[in-house]
Structure formats: structure tokens, C-alpha cells
Amino acid sequence: MFFRVTLPLAAANFVNQAARTVMAIVGPVLAVEFGLSASELGLLAACMFAAYASVQLPLGIALDTFGPRRMQAALMSLAAVGFAVFALSSGLGGFALARVILGVAVSAGLMAVIKGNADWFPSAKVAAMTGIAMSVGALGGAMTTAPVQALLPTLGWRGVFWVLCALTLGVATWIFFAVPDKPRPEGAARLTLREEMSVSAGILASRTFWRFGPAVATLSMLNFAYLGLWAGPWLRDVAGFDGPTRAGILFVYTIAMMVGSTVTGNLASRAKSAGLHPFVVPIGGLVVMVLIQLGLMTQPSNLIVVAALWLALAFAATVGPAGFIAVGQMYPREQTGRVSTAVNMLTLGGAFLVQAAIGWILDLWPRTASGGWDPDGYSWALALSAGIQALAAVVMLTGRQAADPPAGPAISR
């Protein structure tokens, strides 16, 4: 089932990662060409997360009802439209529209992988298989760092988006023809829309969700905000690196994510099999991320030190899917899509706020002579995200699953 389910859906997550990380390379180019401020650039990148978050709840119902094959084939086709709109745009309004389209289109990237793996693999293997899929998906981030930087002089940023458009259409076709639909149990009736909404409402009303969901949401928030945009400017303004050096670090950053996804996914599966605390791997990742952010706040400029810190951050940040799966397994298997997308809604909403907040914080300082932003602004932004994640680690460590499971009928497809 890996080649029929996990790998094709991982290809959609490749597109998801590419759509997010391409702005770390293209964003500074757009800022210069169109005179965008930090707030405008942050808002432009954050538009994707706002759209991404806004469709998570209906997406969860759709994934549980129609399955990942049909949903991802349709959404990947829409993503191709989003890349085309970006390539054709000539101003902030067009870019923002394209990012909104892309936000909706890639909204099921990780969630469809989790849903597909939960449908076709034993629960103890879901985290490991998802980790492998995330490793494949991280290639999308890798391909939009140094390779994109190298292609910019030849293709231009518009050409890069046309290549992504063509690639995405290929992924949509692959998923449609390769991924199987999970057979509906014999004699099982399809739920009405009211019943479908009742299940989702039960999840959102449960104390378990609100006890752990917001904390799990912080696991990937920082990765979205920095790899999606602000890592590139930080490397320029704080470390003082040129374009090729920045692209090289971001490329290796994504390689570290690939390795980390496989390692943390396997660790989470082993922890579950051993009966350990369900959040032991996510808590460890959060502790490491907080320590790294404290290191970045010192504004290092040595290439080896900077690279080591960002690579360690990339590795630690891959614990996000393990947190999603841990919460999802507190609910019936057939509700996996809804639980995952509900948590992801919190993650993306938080990423929108954090990514935009970083831009607002940076604009509190005057622009530097080179047109960048003050290093002290980045340090204050890192202090904000480190504080949020430290609190999340405490919540996970001290929390216990609430006794009230969500109400609602079982779901059958």
C-alpha cells in the first residue's frame, strides 16, 4: 500500500511544501521588484495560511466522506490554477489572490496523508508511514530553495511558478488513477449532512480537543512562519549571508526535515508500541526548538553555527505530525480526517498570526541601509514564538485525556 497510497499522497504534500517555501526565495525578489514592505510581504505569505485554515473543518468532513483520492485529485488541479495566477500577476492584489487559491488547494497536504495511512495501516504504523511521507514531501521544500535560486536568472520568478503549475497537474493525475478508495462496510448507511456536522461539532465540543489541540498546533507553527518566509530574510539581515549562501542553508534545512520526518515518525511509532506518554516525542521536539530559538536570539553570524542551529530547528520541527496523530488516535479511526483538520485549523490560524506578527514587529524598527530589517526585531520575534512553544510543552506534559469522548454517530464511507 505504500506505493498506492502513501507515495502518491506524499507527492501532493511535495506540492504543499513547495507552495509554502518558494516564498522564502522569491519573496525578497518580489519585495525589491514591487517595493513591498515587511508587513506587506508578511501579509502576502500569511494569506495562504488564512485560506488554508478557513477550509479545514469542511475539508475534514470531505476527507472522511469522500476519501483522500477524490479530494486530493481535485485540490491539486486547483493548486495548478493558483500557481498560474501567481505567474500572471503583476502586483500585490494578484499575488494575494493566488496565495489564497493555493491555500485552499494545498489544505489537505498532510491531512490526506494521515487519513490515507489511518485507513490502510495498523495504528502503530501510522506515525512511521506518515514520517516517510513527510520526508518525501519535504523534497518540495528542498526543490524550492537552492534549485529555485539557481533557476531564477534563467526562468525568472514567473517561470518558476509555471514549472510548479505543470508539476502539480501531473500529481493530480497520479493520485486520481493510483490511490484506492476505502471500501464502505457492507450494509453501512451514509450519514446525512446534519449527522456529518454533528460528528464535527462533537469533536470541537470535546475537552480532549481543547486540552491538546492548541498545544499540538504550535509544533509546526514556527516552521511554517520561518521556512515559509522569514528564514531567508533572517539569514540576510542577521547573519549577513548572500543569496547563494542563504539558498544553500535553506536547501540543507529541507534535507534535515526529510531526515527528521523519518526519524521522528519511527520514534513516535516505537513510543506508542512501548506504551509511553503519547506526546513524549512532540514534547522533546518542543524543548529542542525553544533552546534553538534562544540561540538564534544571540544573533550569530558564523556560518557553521548558523547552519547548525537552523538544521537542528528543521529536524526538531518535524515532530508536528506525531502530535497530530497522537490527538487523532484519541478518537475513533473513522474520525481521523476531522480531528486532524480541526487541529490543523488551529496550526494554520496560528501560523497566519505568527507570520504576520513577525512582519509587524520588524516594522517597529527603521529599515537598514541595505533595505533589510533590524536584527533586534528578529530577536524579539523569536522570543515571542519561543514563549508560546515553551507553554505548549508544559501543557502536553501535564495534560491528561478528558473523560468525555466526542458525541456523534460513527462515520462510514
# chains A, B, ... in the order shown; residues from 1 in each chain; ligands from 1
call {"tool": "residues_around", "arguments": {"residues": "Gly109 (chain A)", "least_positions_apart": "2", "cutoff": "10 Å", "atoms": "only C-alpha atoms", "output": "compact mmCIF listing (two decimals) with C-alpha atoms, in the first residue's frame"}}
result
# COMPACT_ATOMS: atom_id res chain seq x y z
CA LEU A 9 -0.38 11.38 -1.38
CA ALA A 10 3.15 12.33 -0.32
CA ALA A 11 3.58 13.85 -3.79
CA ALA A 12 0.66 16.18 -3.02
CA ASN A 13 2.44 17.12 0.20
CA PHE A 14 5.50 17.85 -2.00
CA VAL A 15 3.37 20.47 -3.74
CA ASN A 16 2.16 21.72 -0.35
CA GLN A 17 5.73 22.24 0.86
CA PRO A 68 -8.30 11.29 0.03
CA GLN A 72 -6.59 15.45 -3.43
CA LEU A 75 -7.39 20.10 -4.91
CA MET A 76 -4.16 19.53 -6.84
CA ALA A 105 -5.70 23.91 -2.82
CA VAL A 106 -2.90 22.54 -0.61
CA SER A 107 -5.06 22.47 2.52
CA MET A 111 -4.20 15.63 6.44
CA ALA A 112 -4.82 13.43 3.39
CA VAL A 113 -1.61 11.51 4.13
CA ILE A 114 -2.69 10.90 7.73
CA MET A 134 6.64 13.78 5.17
CA GLY A 137 7.01 15.81 0.87
call {"tool": "select_by_dssp", "arguments": {"residues": "region 226-398 of chain A", "states": "helix (DSSP H, G or I)", "output": "ChimeraX atom specification"}}
result
/A:226-237,243-273,280-296,303-328,333-362,375-398
call {"tool": "closest_residue", "arguments": {"among": "A:Asn302, A:Gly131, A:Leu204, A:Phe209", "to": "Val263 (chain A)", "atoms": "only C-alpha atoms"}}
result
A:Gly131
call {"tool": "residues_around", "arguments": {"residues": "region 228-239 of chain A", "least_positions_apart": "4", "cutoff": "10 Å", "atoms": "only C-alpha atoms", "output": "NGL selection string"}}
result
:A and (17-28 or 38 or 41-42 or 44-46 or 141 or 145 or 222-224 or 243 or 245-247 or 249-250 or 296-303 or 306-307 or 310 or 351 or 355 or 358-359 or 368 or 370-379)
call {"tool": "closest_residue", "arguments": {"among": "A:Ala133, A:Leu397, A:Val100, A:Met143", "to": "Pro278 (chain A)", "atoms": "only C-alpha atoms"}}
result
A:Leu397
call {"tool": "atom_distance", "arguments": {"atom1": "CA of Ala381 (chain A)", "atom2": "CA of Ile361 (chain A)"}}
result
6.6 Å
call {"tool": "atom_distance", "arguments": {"atom1": "CA of Pro153 (chain A)", "atom2": "CA of Ala225 (chain A)"}}
result
26.3 Å
call {"tool": "atom_distance", "arguments": {"atom1": "CA of Arg367 (chain A)", "atom2": "CA of Ser39 (chain A)"}}
result
12.1 Å
call {"tool": "residues_around", "arguments": {"residues": "Leu169 (chain A)", "least_positions_apart": "4", "cutoff": "10 Å", "atoms": "only C-alpha atoms", "output": "ChimeraX atom specification"}}
result
/A:73,76-81,164-165,173-174
call {"tool": "residues_around", "arguments": {"residues": "Val290 (chain A)", "least_positions_apart": "6", "cutoff": "7 Å", "atoms": "only C-alpha atoms", "output": "MDAnalysis selection string"}}
result
chainID A and resid 386 389:390
call {"tool": "residues_around", "arguments": {"residues": "Val104 (chain A)", "least_positions_apart": "3", "cutoff": "10 Å", "atoms": "only C-alpha atoms", "output": "PDB file with N, CA and C atoms, in the first residue's frame"}}
result
ATOM      1  N   MET A  48      -1.976  32.774   2.433  1.00  0.00           N
ATOM      2  CA  MET A  48      -2.080  31.347   2.161  1.00  0.00           C
ATOM      3  C   MET A  48      -2.533  30.597   3.404  1.00  0.00           C
ATOM      4  N   PHE A  49      -1.964  30.946   4.556  1.00  0.00           N
ATOM      5  CA  PHE A  49      -2.324  30.258   5.788  1.00  0.00           C
ATOM      6  C   PHE A  49      -3.745  30.575   6.220  1.00  0.00           C
ATOM      7  N   ALA A  50      -4.192  31.808   5.983  1.00  0.00           N
ATOM      8  CA  ALA A  50      -5.563  32.168   6.349  1.00  0.00           C
ATOM      9  C   ALA A  50      -6.557  31.344   5.542  1.00  0.00           C
ATOM     10  N   ALA A  51      -6.318  31.231   4.218  1.00  0.00           N
ATOM     11  CA  ALA A  51      -7.203  30.428   3.370  1.00  0.00           C
ATOM     12  C   ALA A  51      -7.106  28.950   3.745  1.00  0.00           C
ATOM     13  N   TYR A  52      -5.896  28.500   3.970  1.00  0.00           N
ATOM     14  CA  TYR A  52      -5.623  27.122   4.379  1.00  0.00           C
ATOM     15  C   TYR A  52      -6.439  26.779   5.637  1.00  0.00           C
ATOM     16  N   ALA A  53      -6.386  27.670   6.635  1.00  0.00           N
ATOM     17  CA  ALA A  53      -7.078  27.421   7.903  1.00  0.00           C
ATOM     18  C   ALA A  53      -8.591  27.467   7.749  1.00  0.00           C
ATOM     19  N   SER A  54      -9.090  28.363   6.905  1.00  0.00           N
ATOM     20  CA  SER A  54     -10.535  28.586   6.817  1.00  0.00           C
ATOM     21  C   SER A  54     -11.296  27.395   6.257  1.00  0.00           C
ATOM     22  N   VAL A  55     -10.626  26.518   5.505  1.00  0.00           N
ATOM     23  CA  VAL A  55     -11.327  25.380   4.893  1.00  0.00           C
ATOM     24  C   VAL A  55     -11.097  24.070   5.636  1.00  0.00           C
ATOM     25  N   GLN A  56     -10.394  24.113   6.761  1.00  0.00           N
ATOM     26  CA  GLN A  56     -10.036  22.866   7.426  1.00  0.00           C
ATOM     27  C   GLN A  56     -11.250  22.068   7.924  1.00  0.00           C
ATOM     28  N   LEU A  59     -13.113  20.536   5.082  1.00  0.00           N
ATOM     29  CA  LEU A  59     -12.187  19.581   4.489  1.00  0.00           C
ATOM     30  C   LEU A  59     -12.188  18.263   5.269  1.00  0.00           C
ATOM     31  N   LEU A  75      -8.125  18.982  -5.509  1.00  0.00           N
ATOM     32  CA  LEU A  75      -7.388  20.096  -4.911  1.00  0.00           C
ATOM     33  C   LEU A  75      -6.066  20.362  -5.626  1.00  0.00           C
ATOM     34  N   MET A  76      -5.404  19.316  -6.094  1.00  0.00           N
ATOM     35  CA  MET A  76      -4.161  19.525  -6.842  1.00  0.00           C
ATOM     36  C   MET A  76      -4.430  20.235  -8.172  1.00  0.00           C
ATOM     37  N   LEU A  78      -6.747  22.457  -8.557  1.00  0.00           N
ATOM     38  CA  LEU A  78      -6.924  23.846  -8.147  1.00  0.00           C
ATOM     39  C   LEU A  78      -5.580  24.501  -7.842  1.00  0.00           C
ATOM     40  N   ALA A  79      -4.648  23.747  -7.263  1.00  0.00           N
ATOM     41  CA  ALA A  79      -3.317  24.296  -6.974  1.00  0.00           C
ATOM     42  C   ALA A  79      -2.612  24.729  -8.261  1.00  0.00           C
ATOM     43  N   GLY A  82      -3.745  28.064  -9.041  1.00  0.00           N
ATOM     44  CA  GLY A  82      -3.133  29.059  -8.166  1.00  0.00           C
ATOM     45  C   GLY A  82      -1.738  29.449  -8.615  1.00  0.00           C
ATOM     46  N   ARG A  99      -2.216  33.397  -3.665  1.00  0.00           N
ATOM     47  CA  ARG A  99      -1.876  32.723  -2.406  1.00  0.00           C
ATOM     48  C   ARG A  99      -3.131  32.182  -1.715  1.00  0.00           C
ATOM     49  N   VAL A 100      -4.235  32.891  -1.841  1.00  0.00           N
ATOM     50  CA  VAL A 100      -5.493  32.397  -1.268  1.00  0.00           C
ATOM     51  C   VAL A 100      -5.916  31.105  -1.977  1.00  0.00           C
ATOM     52  N   ILE A 101      -5.849  31.110  -3.321  1.00  0.00           N
ATOM     53  CA  ILE A 101      -6.197  29.902  -4.088  1.00  0.00           C
ATOM     54  C   ILE A 101      -5.297  28.742  -3.682  1.00  0.00           C
ATOM     55  N   SER A 107      -4.583  22.578   1.134  1.00  0.00           N
ATOM     56  CA  SER A 107      -5.056  22.470   2.520  1.00  0.00           C
ATOM     57  C   SER A 107      -5.119  21.051   3.051  1.00  0.00           C
ATOM     58  N   ALA A 108      -5.135  20.045   2.156  1.00  0.00           N
ATOM     59  CA  ALA A 108      -5.225  18.654   2.613  1.00  0.00           C
ATOM     60  C   ALA A 108      -3.893  17.929   2.540  1.00  0.00           C
TER      61      ALA A 108
END
call {"tool": "closest_atom_pairs", "arguments": {"of": "region 110-201 of chain A", "to": "region 326-330 of chain A", "cutoff": "12 Å", "atoms": "only C-alpha atoms", "output": "tab-separated table"}}
result
residue	atom	partner	partner_atom	distance
A:Met111	CA	A:Gly328	CA	10.8
A:Ile114	CA	A:Gly328	CA	9.3
A:Lys115	CA	A:Gly328	CA	9.9
A:Ala118	CA	A:Gln329	CA	9.4
A:Pro122	CA	A:Gln329	CA	11.5
A:Ser123	CA	A:Gln329	CA	7.9
A:Ala124	CA	A:Gln329	CA	10.0
A:Val126	CA	A:Gln329	CA	10.0
A:Ala127	CA	A:Ala326	CA	8.8
call {"tool": "write_last_selection", "arguments": {"atoms": "N, CA and C atoms", "output": "short mmCIF file (atom, residue, chain, number, x, y, z; two decimals), in the first residue's frame"}}
result
data_model
loop_
_atom_site.label_atom_id
_atom_site.label_comp_id
_atom_site.auth_asym_id
_atom_site.auth_seq_id
_atom_site.Cartn_x
_atom_site.Cartn_y
_atom_site.Cartn_z
N MET A 111 -3.00 16.28 5.93
CA MET A 111 -4.20 15.63 6.44
C MET A 111 -4.61 14.43 5.59
N ILE A 114 -2.30 11.53 6.47
CA ILE A 114 -2.69 10.90 7.73
C ILE A 114 -3.96 10.07 7.55
N LYS A 115 -4.94 10.63 6.84
CA LYS A 115 -6.19 9.91 6.62
C LYS A 115 -5.96 8.64 5.81
N ALA A 118 -4.12 6.11 7.98
CA ALA A 118 -5.00 5.58 9.02
C ALA A 118 -6.00 4.58 8.45
N PRO A 122 -2.11 -0.42 10.22
CA PRO A 122 -2.39 -0.54 11.65
C PRO A 122 -2.00 0.74 12.39
N SER A 123 -2.67 1.04 13.50
CA SER A 123 -2.46 2.31 14.21
C SER A 123 -1.01 2.51 14.64
N ALA A 124 -0.31 1.43 15.02
CA ALA A 124 1.07 1.57 15.48
C ALA A 124 2.03 1.93 14.34
N VAL A 126 1.04 4.03 11.71
CA VAL A 126 0.60 5.26 11.05
C VAL A 126 1.66 6.35 11.16
N ALA A 127 2.24 6.56 12.35
CA ALA A 127 3.24 7.62 12.52
C ALA A 127 4.47 7.35 11.68
#
call {"tool": "closest_residue", "arguments": {"among": "A:Val343, A:Val5, A:Leu353, A:Leu110", "to": "Phe177 (chain A)", "atoms": "only C-alpha atoms"}}
result
A:Val5
